[in-house]
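**Student:** work.cif is reproduced below (mmCIF, C-alpha atoms).
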```
data_protein
#
loop_
_atom_site.label_atom_id
_atom_site.label_comp_id
_atom_site.auth_asym_id
_atom_site.auth_seq_id
_atom_site.Cartn_x
_atom_site.Cartn_y
_atom_site.Cartn_z
CA MET A 1 -6.44 -49.58 -24.07
CA THR A 2 -6.33 -46.72 -21.61
CA SER A 3 -9.42 -44.58 -21.21
CA ARG A 4 -8.82 -40.93 -22.12
CA THR A 5 -10.81 -37.82 -21.34
CA GLU A 6 -9.83 -35.87 -24.46
CA ARG A 7 -12.46 -35.20 -27.12
CA ILE A 8 -11.65 -35.31 -30.83
CA LEU A 9 -13.82 -33.91 -33.62
CA ILE A 10 -13.54 -35.20 -37.20
CA ILE A 11 -14.92 -33.09 -40.07
CA ASP A 12 -14.75 -34.96 -43.35
CA ALA A 13 -17.26 -35.36 -46.20
CA ASP A 14 -15.76 -38.82 -46.95
CA GLU A 15 -17.81 -41.04 -44.65
CA GLN A 16 -15.47 -44.04 -44.98
CA ALA A 17 -12.38 -42.00 -44.18
CA ARG A 18 -14.23 -40.40 -41.27
CA THR A 19 -15.37 -43.78 -39.91
CA ASP A 20 -11.93 -45.41 -40.24
CA LEU A 21 -10.21 -42.56 -38.41
CA ALA A 22 -12.90 -42.51 -35.71
CA ARG A 23 -12.51 -46.25 -35.06
CA TYR A 24 -8.77 -45.92 -34.71
CA LEU A 25 -9.02 -42.98 -32.32
CA GLU A 26 -11.76 -44.65 -30.27
CA ALA A 27 -9.55 -47.73 -30.01
CA ARG A 28 -6.93 -45.44 -28.52
CA GLY A 29 -9.44 -44.41 -25.82
CA PHE A 30 -10.52 -40.98 -27.11
CA TYR A 31 -14.06 -39.62 -27.24
CA VAL A 32 -14.74 -39.08 -30.96
CA SER A 33 -17.53 -37.35 -32.88
CA GLY A 34 -17.71 -36.95 -36.65
CA TYR A 35 -19.50 -34.61 -39.03
CA ALA A 36 -19.65 -34.36 -42.80
CA GLY A 37 -19.17 -30.61 -42.92
CA LEU A 38 -18.39 -27.52 -40.90
CA SER A 39 -21.99 -26.31 -40.89
CA SER A 40 -23.24 -29.49 -39.21
CA ALA A 41 -20.41 -29.34 -36.64
CA LYS A 42 -21.08 -25.74 -35.62
CA THR A 43 -23.59 -26.76 -32.95
CA LEU A 44 -20.67 -28.35 -31.09
CA PHE A 45 -19.31 -24.91 -30.30
CA ASP A 46 -22.39 -24.16 -28.24
CA GLU A 47 -21.84 -27.27 -26.12
CA ASN A 48 -18.45 -28.92 -25.63
CA ILE A 49 -15.57 -27.57 -27.65
CA PRO A 50 -13.27 -30.47 -28.68
CA ASP A 51 -9.63 -30.73 -27.67
CA VAL A 52 -8.40 -31.50 -31.21
CA ILE A 53 -10.07 -31.21 -34.63
CA PHE A 54 -9.18 -33.33 -37.67
CA ALA A 55 -10.63 -31.59 -40.71
CA ASP A 56 -10.58 -32.21 -44.44
CA LEU A 57 -11.50 -28.66 -45.41
CA PRO A 58 -10.25 -26.06 -47.88
CA PRO A 59 -8.04 -23.26 -46.52
CA GLU A 60 -10.95 -20.78 -46.43
CA ALA A 61 -13.02 -23.14 -44.25
CA ILE A 62 -10.03 -23.83 -41.97
CA LYS A 63 -9.58 -20.09 -41.56
CA ASP A 64 -13.26 -19.71 -40.65
CA LEU A 65 -12.99 -22.58 -38.18
CA ALA A 66 -9.87 -21.08 -36.59
CA ARG A 67 -11.69 -17.74 -36.23
CA ARG A 68 -14.64 -19.42 -34.48
CA LEU A 69 -12.27 -21.17 -32.10
CA GLU A 70 -10.58 -17.87 -31.32
CA GLU A 71 -13.96 -16.23 -30.63
CA ALA A 72 -14.73 -19.10 -28.28
CA GLU A 73 -11.45 -18.28 -26.47
CA THR A 74 -10.05 -21.76 -26.96
CA LEU A 75 -6.69 -22.91 -28.27
CA THR A 76 -7.99 -26.11 -29.85
CA PRO A 77 -5.52 -27.18 -32.56
CA ILE A 78 -6.72 -28.05 -36.09
CA VAL A 79 -5.11 -30.90 -38.03
CA CYS A 80 -5.67 -30.58 -41.75
CA CYS A 81 -6.36 -33.97 -43.41
CA SER A 82 -5.87 -34.09 -47.17
CA ASP A 83 -4.92 -36.53 -49.93
CA SER A 84 -2.92 -33.74 -51.62
CA GLU A 85 0.86 -34.08 -51.45
CA SER A 86 1.40 -30.56 -52.82
CA SER A 87 3.68 -28.46 -50.64
CA ALA A 88 1.70 -25.39 -51.69
CA ASP A 89 -1.50 -26.97 -50.25
CA VAL A 90 0.31 -27.73 -47.01
CA VAL A 91 1.53 -24.13 -46.73
CA ARG A 92 -1.95 -22.73 -47.46
CA ALA A 93 -3.49 -24.96 -44.79
CA LEU A 94 -0.91 -23.94 -42.18
CA ARG A 95 -1.29 -20.26 -43.06
CA ALA A 96 -5.06 -20.60 -42.71
CA GLY A 97 -4.63 -21.72 -39.10
CA ALA A 98 -3.92 -25.45 -39.12
CA ALA A 99 -1.50 -26.66 -36.45
CA ASP A 100 -0.43 -29.74 -38.44
CA PHE A 101 -1.02 -31.61 -41.71
CA VAL A 102 -1.54 -35.35 -42.29
CA LEU A 103 -2.09 -37.29 -45.52
CA LYS A 104 -5.21 -39.38 -46.04
CA PRO A 105 -6.00 -42.05 -45.31
CA CYS A 106 -4.81 -40.76 -41.93
CA ASN A 107 -4.50 -44.13 -40.19
CA ASP A 108 -2.41 -45.76 -42.94
CA ASP A 109 0.72 -44.48 -41.23
CA LYS A 110 -0.25 -45.15 -37.62
CA GLY A 111 3.20 -44.22 -36.30
CA ALA A 112 3.07 -40.77 -37.87
CA LEU A 113 -0.54 -40.29 -36.73
CA ASP A 114 0.37 -41.29 -33.16
CA ASP A 115 3.25 -38.81 -33.20
CA VAL A 116 0.94 -36.03 -34.34
CA ILE A 117 -1.65 -36.90 -31.67
CA GLU A 118 0.94 -37.09 -28.90
CA LYS A 119 2.46 -33.78 -29.89
CA LEU A 120 -0.93 -32.11 -30.09
CA PHE A 121 -2.09 -33.40 -26.71
CA ASP A 122 1.12 -32.27 -25.09
CA ARG A 123 0.18 -28.87 -26.39
CA VAL A 124 -3.42 -29.30 -25.21
CA ARG A 125 -2.27 -30.20 -21.70
CA VAL A 126 0.00 -27.15 -21.58
CA ASN A 127 -2.82 -24.93 -22.83
CA ARG A 128 -5.19 -26.35 -20.24
CA LEU A 129 -2.71 -25.68 -17.47
CA ASN A 130 -2.11 -22.18 -18.78
CA GLN A 131 -5.84 -21.50 -18.88
CA LEU A 132 -6.22 -22.90 -15.37
CA TYR A 133 -3.37 -20.76 -14.08
CA ARG A 134 -4.74 -17.74 -15.91
CA HIS A 135 -8.20 -18.19 -14.38
CA GLU A 136 -6.68 -18.71 -10.94
CA LEU A 137 -4.51 -15.63 -11.41
CA GLU A 138 -7.47 -13.55 -12.60
CA GLU A 139 -9.49 -14.68 -9.60
CA ALA A 140 -6.60 -13.93 -7.26
CA ASN A 141 -6.19 -10.50 -8.87
CA ARG A 142 -9.91 -9.79 -8.44
CA ASP A 143 -9.70 -10.79 -4.79
CA LEU A 144 -6.57 -8.69 -4.39
CA ARG A 145 -8.17 -5.65 -6.04
CA ASN A 146 -11.24 -6.03 -3.85
CA GLY A 147 -9.06 -6.42 -0.78
CA ILE A 148 -6.99 -3.36 -1.69
CA SER A 149 -10.15 -1.37 -2.33
CA GLU A 150 -11.54 -2.33 1.07
CA LEU A 151 -8.18 -1.58 2.72
CA ARG A 152 -8.03 1.85 1.10
CA ALA A 153 -11.58 2.58 2.21
CA ASP A 154 -10.67 1.53 5.75
CA GLN A 155 -7.50 3.64 5.64
CA ARG A 156 -9.41 6.67 4.38
CA ALA A 157 -11.90 6.22 7.21
CA GLY A 158 -9.01 5.83 9.67
CA ARG A 159 -7.36 8.95 8.28
CA LYS A 160 -10.57 10.93 8.88
CA VAL A 161 -10.64 9.67 12.46
CA GLN A 162 -7.01 10.71 12.95
CA LEU A 163 -7.66 14.17 11.53
CA ARG A 164 -10.60 14.63 13.89
CA MET A 165 -8.36 13.72 16.83
CA LEU A 166 -5.90 16.49 16.03
CA PRO A 167 -6.32 19.88 17.71
CA GLU A 168 -7.66 22.84 15.78
CA ARG A 169 -5.03 24.78 13.91
CA GLU A 170 -4.19 28.41 14.61
CA GLN A 171 -5.25 28.43 18.27
CA ASP A 172 -4.64 31.17 20.83
CA LEU A 173 -4.18 29.62 24.27
CA VAL A 174 -3.58 31.84 27.32
CA GLY A 175 -1.23 34.15 25.51
CA LEU A 176 0.31 31.62 23.13
CA HIS A 177 -0.37 31.16 19.44
CA VAL A 178 -0.11 27.47 18.46
CA ASP A 179 -0.25 25.87 15.02
CA HIS A 180 0.71 22.50 13.53
CA LEU A 181 1.25 20.47 10.39
CA ILE A 182 1.14 16.70 10.01
CA LYS A 183 1.88 14.88 6.76
CA PRO A 184 1.68 11.07 6.71
CA SER A 185 3.91 8.97 4.49
CA LEU A 186 0.96 6.55 4.10
CA TYR A 187 -2.79 6.99 4.55
CA LEU A 188 -2.35 6.69 8.30
CA SER A 189 0.26 8.42 10.39
CA GLY A 190 2.41 7.13 13.22
CA ASP A 191 3.15 10.73 14.23
CA PHE A 192 0.81 12.50 16.60
CA LEU A 193 0.65 15.82 18.38
CA ASP A 194 -1.64 17.75 20.67
CA TYR A 195 -1.81 20.97 22.66
CA PHE A 196 -4.36 22.28 25.13
CA ARG A 197 -4.76 24.49 28.18
CA ILE A 198 -4.38 22.68 31.52
CA SER A 199 -4.80 25.68 33.84
CA GLU A 200 -5.46 29.40 33.69
CA ASP A 201 -1.88 30.12 32.63
CA GLN A 202 -0.46 26.75 31.49
CA VAL A 203 -0.46 25.03 28.10
CA LEU A 204 0.67 21.46 27.50
CA VAL A 205 2.14 20.60 24.12
CA TYR A 206 3.54 17.29 23.01
CA ILE A 207 4.71 15.55 19.86
CA ALA A 208 5.00 11.78 19.53
CA ASP A 209 6.43 9.39 16.95
CA VAL A 210 5.18 5.80 17.17
CA SER A 211 7.58 3.07 16.05
CA GLY A 212 6.76 1.62 12.65
CA HIS A 213 4.20 2.82 10.12
CA GLY A 214 0.66 2.15 9.01
CA ALA A 215 -2.42 0.94 10.84
CA SER A 216 -0.77 -0.64 13.90
CA SER A 217 1.15 2.56 14.63
CA ALA A 218 -1.96 4.65 13.99
CA PHE A 219 -3.82 2.64 16.65
CA VAL A 220 -1.34 3.91 19.22
CA THR A 221 -2.16 7.51 18.30
CA VAL A 222 -5.78 6.77 19.22
CA LEU A 223 -4.53 5.49 22.58
CA LEU A 224 -2.55 8.70 23.11
CA LYS A 225 -5.56 10.89 22.39
CA ASN A 226 -7.77 8.78 24.65
CA LEU A 227 -5.22 8.98 27.45
CA THR A 228 -4.80 12.76 27.28
CA ASN A 229 -8.59 13.19 27.29
CA ARG A 230 -8.85 11.01 30.40
CA LEU A 231 -6.03 12.85 32.16
CA GLN A 232 -7.73 16.17 31.46
CA ARG A 233 -11.02 14.82 32.87
CA ASN A 234 -9.20 13.50 35.92
CA LEU A 235 -7.71 16.95 36.52
CA ARG A 236 -11.12 18.61 36.28
CA ARG A 237 -12.56 16.05 38.70
CA HIS A 238 -9.58 16.44 41.04
CA SER A 239 -8.94 12.68 40.90
CA SER A 240 -5.45 12.94 39.42
CA ASP A 241 -3.03 15.75 38.55
CA ASP A 242 -0.59 13.60 36.51
CA ILE A 243 -1.07 15.81 33.48
CA LEU A 244 0.52 18.76 35.31
CA TYR A 245 3.89 17.00 35.43
CA PRO A 246 5.81 16.07 32.25
CA ASP A 247 7.53 13.04 33.79
CA ARG A 248 4.30 11.59 35.18
CA PHE A 249 2.61 12.21 31.85
CA LEU A 250 5.25 10.00 30.17
CA GLU A 251 4.87 7.38 32.91
CA ARG A 252 1.15 7.13 32.18
CA ILE A 253 1.78 6.68 28.44
CA ASN A 254 4.41 4.06 29.24
CA SER A 255 2.01 2.09 31.44
CA GLU A 256 -0.80 2.22 28.87
CA LEU A 257 1.47 1.04 26.04
CA LEU A 258 2.82 -1.89 28.05
CA ASP A 259 -0.72 -2.94 28.97
CA THR A 260 -1.76 -3.12 25.30
CA GLY A 261 0.89 -5.73 24.47
CA LEU A 262 1.20 -4.29 20.94
CA GLY A 263 4.98 -4.26 21.09
CA LYS A 264 5.01 -0.60 20.12
CA HIS A 265 7.09 2.15 21.66
CA VAL A 266 6.92 5.90 21.26
CA THR A 267 9.39 8.73 21.24
CA VAL A 268 7.84 11.78 22.90
CA PHE A 269 8.60 15.35 23.79
CA VAL A 270 6.15 16.89 26.26
CA GLY A 271 6.38 20.47 27.48
CA ILE A 272 4.31 22.59 29.83
CA ILE A 273 4.55 26.35 29.31
CA SER A 274 3.57 28.66 32.13
CA VAL A 275 2.81 32.11 30.77
CA LYS A 276 2.59 33.59 34.27
CA GLU A 277 5.87 32.10 35.53
CA ARG A 278 7.51 32.43 32.08
CA THR A 279 8.94 28.91 32.16
CA LEU A 280 9.01 25.81 30.01
CA LYS A 281 9.15 22.50 31.87
CA TYR A 282 9.65 19.44 29.72
CA ALA A 283 10.58 15.78 29.61
CA VAL A 284 12.12 13.84 26.75
CA GLY A 285 11.25 10.27 25.85
CA ALA A 286 14.09 9.63 23.36
CA HIS A 287 12.57 12.18 21.00
CA PHE A 288 14.69 13.47 18.13
CA PRO A 289 15.34 16.08 16.89
CA MET A 290 14.95 18.21 19.97
CA PRO A 291 12.66 21.27 19.66
CA ILE A 292 14.17 24.59 18.65
CA LEU A 293 13.74 27.53 21.04
CA SER A 294 14.38 31.04 19.74
CA PHE A 295 14.17 34.37 21.51
CA GLU A 296 13.34 37.73 19.98
CA GLY A 297 16.62 39.43 19.23
CA GLY A 298 18.51 36.61 20.91
CA GLU A 299 19.81 33.11 20.36
CA THR A 300 18.17 30.21 18.53
CA ARG A 301 19.12 26.76 19.77
CA PHE A 302 18.03 23.19 20.22
CA LEU A 303 16.73 22.36 23.67
CA GLU A 304 18.91 20.00 25.67
CA GLY A 305 17.80 16.79 27.32
CA SER A 306 17.47 13.06 26.92
CA GLY A 307 15.45 10.17 28.25
CA LEU A 308 14.30 6.62 27.58
CA PRO A 309 11.75 5.76 24.88
CA VAL A 310 8.21 5.27 26.13
CA GLY A 311 6.66 1.80 26.13
CA LEU A 312 9.74 -0.41 26.47
CA PHE A 313 10.58 -0.55 30.19
CA GLU A 314 8.50 -1.43 33.25
CA THR A 315 9.60 1.34 35.65
CA PRO A 316 11.50 4.01 33.74
CA LYS A 317 12.17 7.47 35.12
CA TRP A 318 12.36 10.71 33.19
CA GLU A 319 14.11 13.90 34.17
CA VAL A 320 12.19 17.16 34.10
CA TYR A 321 14.06 20.09 32.55
CA GLU A 322 13.20 23.75 33.03
CA VAL A 323 14.00 26.71 30.79
CA PRO A 324 13.20 30.37 31.64
CA LEU A 325 11.22 32.29 29.05
CA ALA A 326 12.02 35.81 30.16
CA GLN A 327 12.04 37.14 26.59
CA PRO A 328 9.42 36.78 23.85
CA PHE A 329 10.00 33.36 22.33
CA ARG A 330 9.14 30.85 19.68
CA LEU A 331 9.20 27.06 20.20
CA THR A 332 9.17 24.70 17.21
CA LEU A 333 8.75 20.94 17.60
CA PHE A 334 9.51 18.37 14.87
CA SER A 335 9.22 14.64 14.36
CA ASP A 336 12.27 12.91 12.90
CA GLY A 337 10.65 12.68 9.48
CA ILE A 338 11.64 16.30 8.93
CA LEU A 339 15.29 15.24 8.73
CA GLU A 340 14.50 12.81 5.88
CA VAL A 341 13.53 15.63 3.52
CA ILE A 342 16.63 17.74 4.20
CA SER A 343 19.18 16.96 1.49
CA ALA A 344 22.29 17.31 3.67
CA LYS A 345 24.33 14.12 4.04
CA SER A 346 25.20 13.80 7.72
CA LEU A 347 22.88 14.06 10.69
CA ASP A 348 24.83 17.02 12.05
CA GLU A 349 24.43 18.82 8.73
CA LYS A 350 20.69 18.12 8.70
CA GLU A 351 20.30 19.54 12.20
CA SER A 352 22.39 22.58 11.28
CA THR A 353 20.21 23.19 8.22
CA LEU A 354 17.05 22.98 10.31
CA LEU A 355 18.47 25.37 12.89
CA GLU A 356 19.54 27.80 10.16
CA LEU A 357 16.04 27.79 8.67
CA VAL A 358 14.43 28.71 11.97
CA SER A 359 17.10 31.24 12.99
CA GLY A 360 16.87 32.78 9.52
CA GLY A 361 13.23 33.67 10.03
CA ARG A 362 11.36 30.51 8.99
CA HIS A 363 9.21 30.56 12.10
CA THR A 364 5.73 29.69 10.85
CA ILE A 365 4.34 26.37 9.64
CA ALA A 366 3.74 27.85 6.19
CA SER A 367 7.25 29.26 5.83
CA LEU A 368 8.90 26.02 7.00
CA SER A 369 6.76 23.99 4.62
CA GLU A 370 7.69 26.32 1.76
CA ALA A 371 11.39 26.24 2.60
CA LEU A 372 11.44 22.44 2.69
CA ASN A 373 9.13 22.15 -0.35
CA LEU A 374 6.86 19.75 1.55
CA ASP A 375 3.80 20.31 -0.66
CA ALA A 376 5.72 19.14 -3.74
CA ILE A 377 6.82 15.83 -2.21
CA THR A 378 4.25 13.20 -3.17
CA GLU A 379 5.87 10.22 -1.43
CA LEU A 380 7.38 11.04 1.92
CA PRO A 381 9.98 8.63 3.31
CA ASP A 382 8.55 9.10 6.81
CA ASP A 383 5.69 10.85 8.58
CA ILE A 384 6.30 14.53 9.30
CA ALA A 385 4.82 16.49 12.20
CA ILE A 386 5.56 20.11 13.16
CA VAL A 387 4.20 22.21 16.02
CA SER A 388 4.93 25.91 16.41
CA VAL A 389 4.31 27.85 19.62
CA THR A 390 4.67 31.62 19.49
CA ASP A 391 4.59 34.05 22.38
CA SER A 392 1.60 36.37 22.05
CA ILE A 393 3.91 39.37 21.94
CA LEU A 394 5.16 37.99 18.61
CA GLY A 395 1.76 36.81 17.43
CA SER A 396 1.49 39.38 14.67
CA ASP A 397 4.44 37.69 12.93
CA ASN A 398 2.27 34.64 12.18
CA THR A 399 0.48 36.53 9.46
CA SER A 400 3.71 37.39 7.67
CA SER A 401 5.23 35.36 4.85
CA LYS A 402 8.13 34.23 7.01
#
```
Translate the structure of the given file into structure tokens.
**Tutor:**
Amino acid sequence: MTSRTERILIIDADEQARTDLARYLEARGFYVSGYAGLSSAKTLFDENIPDVIFADLPPEAIKDLARRLEEAETLTPIVCCSDSESSADVVRALRAGAADFVLKPCNDDKGALDDVIEKLFDRVRVNRLNQLYRHELEEANRDLRNGISELRADQRAGRKVQLRMLPEREQDLVGLHVDHLIKPSLYLSGDFLDYFRISEDQVLVYIADVSGHGASSAFVTVLLKNLTNRLQRNLRRHSSDDILYPDRFLERINSELLDTGLGKHVTVFVGIISVKERTLKYAVGAHFPMPILSFEGGETRFLEGSGLPVGLFETPKWEVYEVPLAQPFRLTLFSDGILEVISAKSLDEKESTLLELVSGGRHTIASLSEALNLDAITELPDDIAIVSVTDSILGSDNTSSK
């Protein structure tokens, strides 16, 4: 005899039949308990619910028993034991909730009884595994929901930090009106931008797109903000004037990124506008698309230039380009996410569409956002950042609808 862990309950008013069945099942190694009626067996549901129940009960009592088992959230099968050979009685018992039907005395046909028991305990084992998997899955889902909730809280906090790092919108800086828009594809953005005065007549503006998305890319934006703050302090203290030169500005970002070991690189456009000299000096760290420069009553075009991405090479060099700003101008900077929301097929067509929007009068952040329907897009394929710089002579246009 092999010891078993399964528990069997017998409910039968016939004490002899109950005892004979119990002895047979105990000889098979099962734990067996017997009761004369359902009322006396009810206390068992407050303790250890059996794995299988053999019951000689009328259909109404079987139905009541099945309901109690369901309330106890158990799939314990009920075997109806009866000396009736009527097919109608068998059907009524099965409809009431019995899983099987055996004729009494149950252990007269031991082969049939063994088959019933084996079939039922196969079902019990499957049910136990299902319950175990369900509980494990529910626990895993709870942990996952809690983890997601914590992650969302962290991302919301990170988003607030990112927003606080951005410059104020609608700024007037030494004769330039500057505004921006940044829309992340996730909670956190890998795009970053900044603009600030670096001398009495110079404004630095840059836009950066960190490789990848999410938290790791957002960390790099914190590094960029920290670096620009330090470079501004160094200039005020006369300890370093790197921030006055676009190429040296990119070299400092490159060095900082390599030192972090994050494996992240950045595409950057950095420009320094001198209102007094009427020039734009800039360097390009593989940024795309290039900014659009437009002149009042004149041409609208993409700036030219190229350069290596920032954060990949030990000693890269960047060329400094210079453009005269003799006429009143507008400068619009974009991250590459802007191209993802333009429906044109080819890259050339996307750039042409963007150029047409700006040359057609879509100069402001609001008008560009409206033209590209950015507010209606709930799930962006990529982060989007835009910076607009307008010559003060054209500043009144910023209040228009275009």
**Student:** Do you have, as a Markdown table, the list of residues of region 261-356 of chain A lying at most 10 Å from region 366-372 of chain A, each with its nearest atom pair and that distance in Å to one decimal, counting only C-alpha atoms and ordered by chain then number?
**Tutor:**
```
| residue | atom | partner | partner_atom | distance |
| --- | --- | --- | --- | --- |
| A:Ile338 | CA | A:Leu372 | CA | 8.8 |
| A:Val341 | CA | A:Leu372 | CA | 7.2 |
| A:Ile342 | CA | A:Leu372 | CA | 7.2 |
| A:Ser343 | CA | A:Leu372 | CA | 9.6 |
| A:Leu354 | CA | A:Leu368 | CA | 9.3 |
```
**Student:** Report the residues retrieved by the PyMOL selection byres ((chain A and resi 217) around 12) from the displayed file, expressed as a ChimeraX atom specification.
**Tutor:** /A:158,162,184,186-192,208-216,218-224,257,262-266,383
**Student:** In Å, how far is it from CA of Phe54 (chain A) to CA of Arg134 (chain A)?
**Tutor:**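 For CA of Phe54 (chain A) relative to CA of Arg134 (chain A), the distance reads 27.1 Å.
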**Student:** For Ile198 (chain A), work out the shell of residues within 8 Å, counting all atoms listed in the file and skipping chain neighbours fewer than 6 positions away, then give it as a PyMOL selection string.
**Tutor:** chain A and resi 204+232+243-244
**Student:** Selection in question (the file shown): the PyMOL selection byres ((chain A and resi 64-70) around 12). Which residues does it include, as a ChimeraX atom specification?
**Tutor:** /A:11,37-39,41-46,48-63,71-80,93-99
**Student:** Hey, what's within 12 Å of Ser199 (chain A) if we count only C-alpha atoms and toss same-chain stuff fewer than 3 positions away? As number ranges by chain, please?
**Tutor:** A: 173-174, 196, 202-204, 232, 235-236, 241, 243-244, 272-276
**Student:** What does the distance between CA of Ser294 (chain A) and CA of Leu250 (chain A) come to in Å, to one decimal place?
**Tutor:**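 CA of Leu250 (chain A) lies at a distance of 25.2 Å from CA of Ser294 (chain A).
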**Student:** Within 9 Å of Asp20 (chain A), counting all atoms listed in the file, which residues qualify if same-chain residues fewer than 4 places away don't, as a VMD selection string?
**Tutor:** chain A and resid 15 to 16 24 to 25 105 to 107
**Student:** Quick one: residues within 10 Å of region 385-393 of chain A, only C-alpha atoms counted, chain neighbours fewer than 3 positions away excluded, as a PyMOL selection string?
**Tutor:** chain A and resi 169-184+189-195+205-209+273+275+291-296+325+327-338+363-365+368-369+382+396-398
**Student:** CA of Thr279 (chain A) to CA of Glu322 (chain A): how many Å, to one decimal?
**Tutor:**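 Interatomic distance, CA of Thr279 (chain A) to CA of Glu322 (chain A): 6.7 Å.
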